[in-house]
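A.B. asks: Contents of model-v9.pdb (PDB, C-alpha atoms, pLDDT in the B column):
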MODEL        1
ATOM      1  CA  MET A   1      -9.836  -9.924  26.559  1.00 67.00           C
ATOM      2  CA  ARG A   2      -8.861  -9.586  22.909  1.00 74.00           C
ATOM      3  CA  GLU A   3      -9.884 -12.475  20.678  1.00 73.00           C
ATOM      4  CA  ILE A   4      -7.263 -13.217  18.015  1.00 88.00           C
ATOM      5  CA  LYS A   5      -8.539 -15.687  15.454  1.00 95.00           C
ATOM      6  CA  PHE A   6      -8.082 -16.406  11.792  1.00 97.00           C
ATOM      7  CA  ARG A   7      -9.772 -18.129   8.901  1.00 97.00           C
ATOM      8  CA  GLY A   8      -8.458 -19.846   5.787  1.00 98.00           C
ATOM      9  CA  LEU A   9      -9.767 -21.995   2.953  1.00 97.00           C
ATOM     10  CA  ARG A  10      -8.913 -25.697   3.239  1.00 96.00           C
ATOM     11  CA  LEU A  11      -6.390 -27.080   0.787  1.00 94.00           C
ATOM     12  CA  GLU A  12      -8.675 -29.784  -0.575  1.00 89.00           C
ATOM     13  CA  SER A  13     -12.023 -27.961  -0.575  1.00 90.00           C
ATOM     14  CA  ASP A  14     -13.714 -24.573  -0.541  1.00 89.00           C
ATOM     15  CA  TYR A  15     -14.594 -24.846   3.149  1.00 95.00           C
ATOM     16  CA  TRP A  16     -13.514 -22.116   5.578  1.00 96.00           C
ATOM     17  CA  GLU A  17     -11.708 -23.158   8.744  1.00 96.00           C
ATOM     18  CA  TYR A  18     -11.726 -20.831  11.777  1.00 96.00           C
ATOM     19  CA  GLY A  19      -9.336 -20.828  14.731  1.00 95.00           C
ATOM     20  CA  SER A  20      -5.730 -20.012  15.600  1.00 95.00           C
ATOM     21  CA  LEU A  21      -3.035 -19.666  12.975  1.00 96.00           C
ATOM     22  CA  TYR A  22      -0.154 -22.149  12.988  1.00 96.00           C
ATOM     23  CA  ILE A  23       2.768 -22.301  10.555  1.00 96.00           C
ATOM     24  CA  ASN A  24       5.018 -25.320  10.993  1.00 96.00           C
ATOM     25  CA  GLU A  25       8.793 -25.556  10.631  1.00 96.00           C
ATOM     26  CA  LYS A  26       8.380 -26.491   6.948  1.00 96.00           C
ATOM     27  CA  GLY A  27       6.332 -23.348   6.284  1.00 95.00           C
ATOM     28  CA  LYS A  28       2.982 -25.112   5.883  1.00 96.00           C
ATOM     29  CA  THR A  29      -0.045 -23.147   7.081  1.00 97.00           C
ATOM     30  CA  PHE A  30      -2.732 -24.570   9.361  1.00 97.00           C
ATOM     31  CA  ILE A  31      -5.741 -23.426  11.326  1.00 96.00           C
ATOM     32  CA  ASP A  32      -5.753 -24.902  14.843  1.00 95.00           C
ATOM     33  CA  LYS A  33      -9.229 -26.009  15.831  1.00 89.00           C
ATOM     34  CA  SER A  34     -10.623 -25.918  19.365  1.00 80.00           C
ATOM     35  CA  ASP A  35     -10.662 -29.739  19.427  1.00 80.00           C
ATOM     36  CA  TRP A  36      -6.859 -29.864  18.875  1.00 84.00           C
ATOM     37  CA  ARG A  37      -7.050 -30.670  15.171  1.00 91.00           C
ATOM     38  CA  ARG A  38      -4.917 -28.800  12.676  1.00 94.00           C
ATOM     39  CA  GLU A  39      -6.478 -28.263   9.276  1.00 96.00           C
ATOM     40  CA  PRO A  40      -4.150 -27.376   6.371  1.00 97.00           C
ATOM     41  CA  VAL A  41      -5.254 -24.198   4.586  1.00 98.00           C
ATOM     42  CA  ARG A  42      -4.203 -22.181   1.551  1.00 97.00           C
ATOM     43  CA  PRO A  43      -1.795 -19.550   2.915  1.00 97.00           C
ATOM     44  CA  GLU A  44      -2.946 -16.856   0.484  1.00 96.00           C
ATOM     45  CA  THR A  45      -6.495 -17.050   1.907  1.00 96.00           C
ATOM     46  CA  VAL A  46      -5.612 -16.587   5.580  1.00 97.00           C
ATOM     47  CA  GLY A  47      -7.194 -13.506   7.123  1.00 97.00           C
ATOM     48  CA  GLN A  48      -7.411 -12.200  10.663  1.00 97.00           C
ATOM     49  CA  TYR A  49     -10.686 -11.435  12.442  1.00 96.00           C
ATOM     50  CA  ILE A  50     -10.844  -7.684  13.009  1.00 95.00           C
ATOM     51  CA  GLU A  51     -12.921  -8.048  16.206  1.00 93.00           C
ATOM     52  CA  LEU A  52     -15.907  -6.245  14.697  1.00 93.00           C
ATOM     53  CA  GLU A  53     -19.170  -7.310  13.087  1.00 95.00           C
ATOM     54  CA  ASP A  54     -21.154  -5.965  10.162  1.00 95.00           C
ATOM     55  CA  LYS A  55     -24.771  -4.798  10.406  1.00 94.00           C
ATOM     56  CA  HIS A  56     -25.958  -8.421  10.216  1.00 96.00           C
ATOM     57  CA  GLU A  57     -23.670  -9.369  13.138  1.00 96.00           C
ATOM     58  CA  SER A  58     -21.311 -11.389  10.918  1.00 96.00           C
ATOM     59  CA  GLY A  59     -17.654 -11.322  11.951  1.00 95.00           C
ATOM     60  CA  ILE A  60     -15.447  -9.265   9.630  1.00 97.00           C
ATOM     61  CA  TYR A  61     -12.126 -10.731   8.399  1.00 98.00           C
ATOM     62  CA  GLU A  62      -9.289  -9.485   6.223  1.00 96.00           C
ATOM     63  CA  GLY A  63     -10.246 -10.099   2.614  1.00 96.00           C
ATOM     64  CA  ASP A  64     -13.976  -9.498   3.123  1.00 97.00           C
ATOM     65  CA  ILE A  65     -15.650  -7.179   0.628  1.00 94.00           C
ATOM     66  CA  LEU A  66     -17.966  -4.684   2.306  1.00 93.00           C
ATOM     67  CA  LYS A  67     -20.552  -2.225   1.091  1.00 90.00           C
ATOM     68  CA  THR A  68     -20.483   0.826   3.337  1.00 86.00           C
ATOM     69  CA  ASP A  69     -23.144   3.234   4.456  1.00 79.00           C
ATOM     70  CA  GLU A  70     -20.965   5.992   2.947  1.00 70.00           C
ATOM     71  CA  ALA A  71     -22.864   6.484  -0.339  1.00 72.00           C
ATOM     72  CA  GLY A  72     -22.710   2.752  -1.038  1.00 75.00           C
ATOM     73  CA  TRP A  73     -18.928   2.728  -1.459  1.00 81.00           C
ATOM     74  CA  ILE A  74     -17.467  -0.784  -1.721  1.00 86.00           C
ATOM     75  CA  GLY A  75     -14.044  -1.848  -0.520  1.00 89.00           C
ATOM     76  CA  TYR A  76     -12.186  -4.839   0.856  1.00 93.00           C
ATOM     77  CA  VAL A  77     -10.659  -5.250   4.301  1.00 95.00           C
ATOM     78  CA  THR A  78      -6.890  -5.087   4.511  1.00 93.00           C
ATOM     79  CA  TYR A  79      -4.268  -4.408   7.168  1.00 92.00           C
ATOM     80  CA  GLY A  80      -1.433  -1.905   7.215  1.00 89.00           C
ATOM     81  CA  SER A  81       0.377   0.482   9.545  1.00 87.00           C
ATOM     82  CA  GLY A  82      -1.125  -1.260  12.570  1.00 89.00           C
ATOM     83  CA  VAL A  83      -4.761  -0.798  11.568  1.00 90.00           C
ATOM     84  CA  PHE A  84      -7.491  -2.561   9.564  1.00 92.00           C
ATOM     85  CA  PHE A  85      -9.068  -0.460   6.832  1.00 91.00           C
ATOM     86  CA  LEU A  86     -11.140  -0.633   3.653  1.00 91.00           C
ATOM     87  CA  THR A  87      -9.472  -0.061   0.319  1.00 88.00           C
ATOM     88  CA  ASP A  88     -10.453  -0.224  -3.326  1.00 80.00           C
ATOM     89  CA  ASN A  89      -8.498  -1.016  -6.475  1.00 73.00           C
ATOM     90  CA  GLU A  90      -7.951   2.644  -7.327  1.00 74.00           C
ATOM     91  CA  GLY A  91      -6.109   3.560  -4.128  1.00 75.00           C
ATOM     92  CA  GLY A  92      -9.133   4.882  -2.254  1.00 78.00           C
ATOM     93  CA  PHE A  93      -9.393   3.849   1.365  1.00 82.00           C
ATOM     94  CA  SER A  94     -11.199   4.447   4.631  1.00 82.00           C
ATOM     95  CA  ARG A  95      -9.484   3.872   7.975  1.00 80.00           C
ATOM     96  CA  MET A  96     -12.550   4.657  10.031  1.00 81.00           C
ATOM     97  CA  PRO A  97     -15.626   3.311   8.243  1.00 85.00           C
ATOM     98  CA  ASN A  98     -18.700   2.756  10.339  1.00 88.00           C
ATOM     99  CA  TRP A  99     -18.000  -0.999  10.479  1.00 90.00           C
ATOM    100  CA  GLU A 100     -21.274  -1.828  12.219  1.00 92.00           C
ATOM    101  CA  GLU A 101     -23.246  -0.226   9.361  1.00 91.00           C
ATOM    102  CA  CYS A 102     -21.307  -2.031   6.612  1.00 93.00           C
ATOM    103  CA  LYS A 103     -22.573  -5.183   4.920  1.00 94.00           C
ATOM    104  CA  ILE A 104     -20.329  -8.103   3.919  1.00 96.00           C
ATOM    105  CA  ILE A 105     -21.118  -8.881   0.271  1.00 94.00           C
ATOM    106  CA  GLY A 106     -18.351 -11.401  -0.402  1.00 94.00           C
ATOM    107  CA  ASN A 107     -14.607 -11.859  -0.153  1.00 95.00           C
ATOM    108  CA  ILE A 108     -11.662 -11.482  -2.499  1.00 92.00           C
ATOM    109  CA  TYR A 109     -11.062 -15.248  -2.711  1.00 92.00           C
ATOM    110  CA  GLU A 110     -14.520 -16.586  -3.544  1.00 92.00           C
ATOM    111  CA  ASN A 111     -15.889 -13.495  -5.306  1.00 88.00           C
ATOM    112  CA  PRO A 112     -13.024 -12.032  -7.381  1.00 82.00           C
ATOM    113  CA  GLU A 113     -15.577 -10.667  -9.857  1.00 83.00           C
ATOM    114  CA  LEU A 114     -16.526  -8.102  -7.194  1.00 82.00           C
ATOM    115  CA  LEU A 115     -12.985  -6.691  -7.356  1.00 73.00           C
ATOM    116  CA  LYS A 116     -13.571  -5.792 -11.000  1.00 70.00           C
ATOM    117  CA  TRP A 117     -16.797  -4.090  -9.952  1.00 60.00           C
ATOM    118  CA  ILE A 118     -14.945  -2.138  -7.250  1.00 59.00           C
ATOM    119  CA  TYR A 119     -12.415  -0.974  -9.835  1.00 52.00           C
ATOM    120  CA  ASN A 120     -15.168   0.236 -12.186  1.00 54.00           C
ATOM    121  CA  TYR A 121     -17.210   1.845  -9.401  1.00 47.00           C
ATOM    122  CA  LYS A 122     -17.683   5.633  -9.678  1.00 42.00           C
TER
ENDMDL
END
Could you rewrite the structure in this file as structure tokens?
C.D. replies:
Amino acid sequence: MREIKFRGLRLESDYWEYGSLYINEKGKTFIDKSDWRREPVRPETVGQYIELEDKHESGIYEGDILKTDEAGWIGYVTYGSGVFFLTDNEGGFSRMPNWEECKIIGNIYENPELLKWIYNYK
């Protein structure tokens, strides 16, 4: 069965919450926890689990920055046209990277300096 889960950074701290996504009638964003708690999170940091793991068996989420086995190319995980893919700041992308051979090196929320590095890569 497909596991649909999300993560988001808490409003009041830099702690990641994992679980189901819930947006209330006022438009506030929460992560539902397995113990029935709802933790408020920053909406711009919410990312879906892509149901795959990197080479260190860490779950991959939208917004993660990955180094690939394809000549060390670095990109970040995004979603579009019904598929998750890696993209960089110059318009390069890969829809079929070897996800299991990639390595998560950060994410676009906690490591924005890596985005500058991606842009200057080549």
A.B. asks: Suppose a student applies the PyMOL selection byres ((chain A and resi 83) around 12) to this structure; what residues should they get, written as a list in words?
C.D. replies: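 Those residues are Gln48, Ile50, Glu51, Glu62, Val77, Thr78, Tyr79, Gly80, Ser81, Gly82, Phe84, Phe85, Leu86, Ser94, Arg95 and Met96 of chain A.
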A.B. asks: Emit as JSON the padded axis-aligned box for all listed atoms of range 93-101 of chain A, 4 Å per side, with centre and edge lengths in Å to one decimal.
C.D. replies:
{"center_x": -16.3, "center_y": 1.4, "center_z": 6.8, "size_x": 21.9, "size_y": 14.5, "size_z": 18.9}
A.B. asks: Tell me which protein, DNA and RNA residues are within 10 Å of Ile4 in chain A, counting only C-alpha atoms, leaving out same-chain ones fewer than 2 positions away, and put them as a PyMOL selection string.
C.D. replies: chain A and resi 1-2+6+19-21+48-51
A.B. asks: Nearest residue to Lys33 in chain A out of A:Asp88, A:Glu17, A:Asp64, A:Glu70, using all atoms listed in the file?
C.D. replies: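 Using all atoms listed in the file, Lys33 in chain A sits closest to A:Glu17.
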A.B. asks: Within 9 Å of (-3.1, -23.1, 8.6) (coordinates as in the file), grab all the protein and nucleic acid residues, counting all atoms listed in the file, and write them out as JSON, numbers by chain.
C.D. replies: {"A": [6, 7, 8, 9, 10, 17, 20, 21, 22, 23, 24, 28, 29, 30, 31, 32, 38, 39, 40, 41, 42, 43, 46]}
A.B. asks: Have a look at A:Pro112, A:Gly92, A:Gly27, A:Gly106 and name the one nearest to Ile60 in chain A; count only C-alpha atoms.
C.D. replies: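 The shortest atom-to-atom distance to Ile60 in chain A comes from A:Gly106.
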A.B. asks: Using all atoms listed in the file, which residue out of A:Thr87, A:Gly75, A:Glu3, A:Asp14 lies closest to Leu114 in chain A?
C.D. replies: A:Gly75
A.B. asks: Please write as a list in words the list of polymer residues whose atoms come within 6 Å of (-20.7, -8.0, 3.5), counting only C-alpha atoms and keeping to the coordinates of the file.
C.D. replies: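 Residues with an atom at most 6 Å from (-20.7, -8.0, 3.5): Ile65, Leu66, Lys103, Ile104, Ile105 and Gly106 of chain A.
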A.B. asks: Please compute the CA of Gly47 in chain A-CA of Ser34 in chain A distance, one decimal, in Å.
C.D. replies: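 One can read the CA of Gly47 in chain A to CA of Ser34 in chain A distance as 17.8 Å.
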A.B. asks: Given the choices A:Arg37, A:Lys26, A:Lys55, A:Lys5, which gets closest to Glu100 in chain A if the distance is worked out from only C-alpha atoms?
C.D. replies: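 Looking at the shortest contact to Glu100 in chain A, the residue is A:Lys55.
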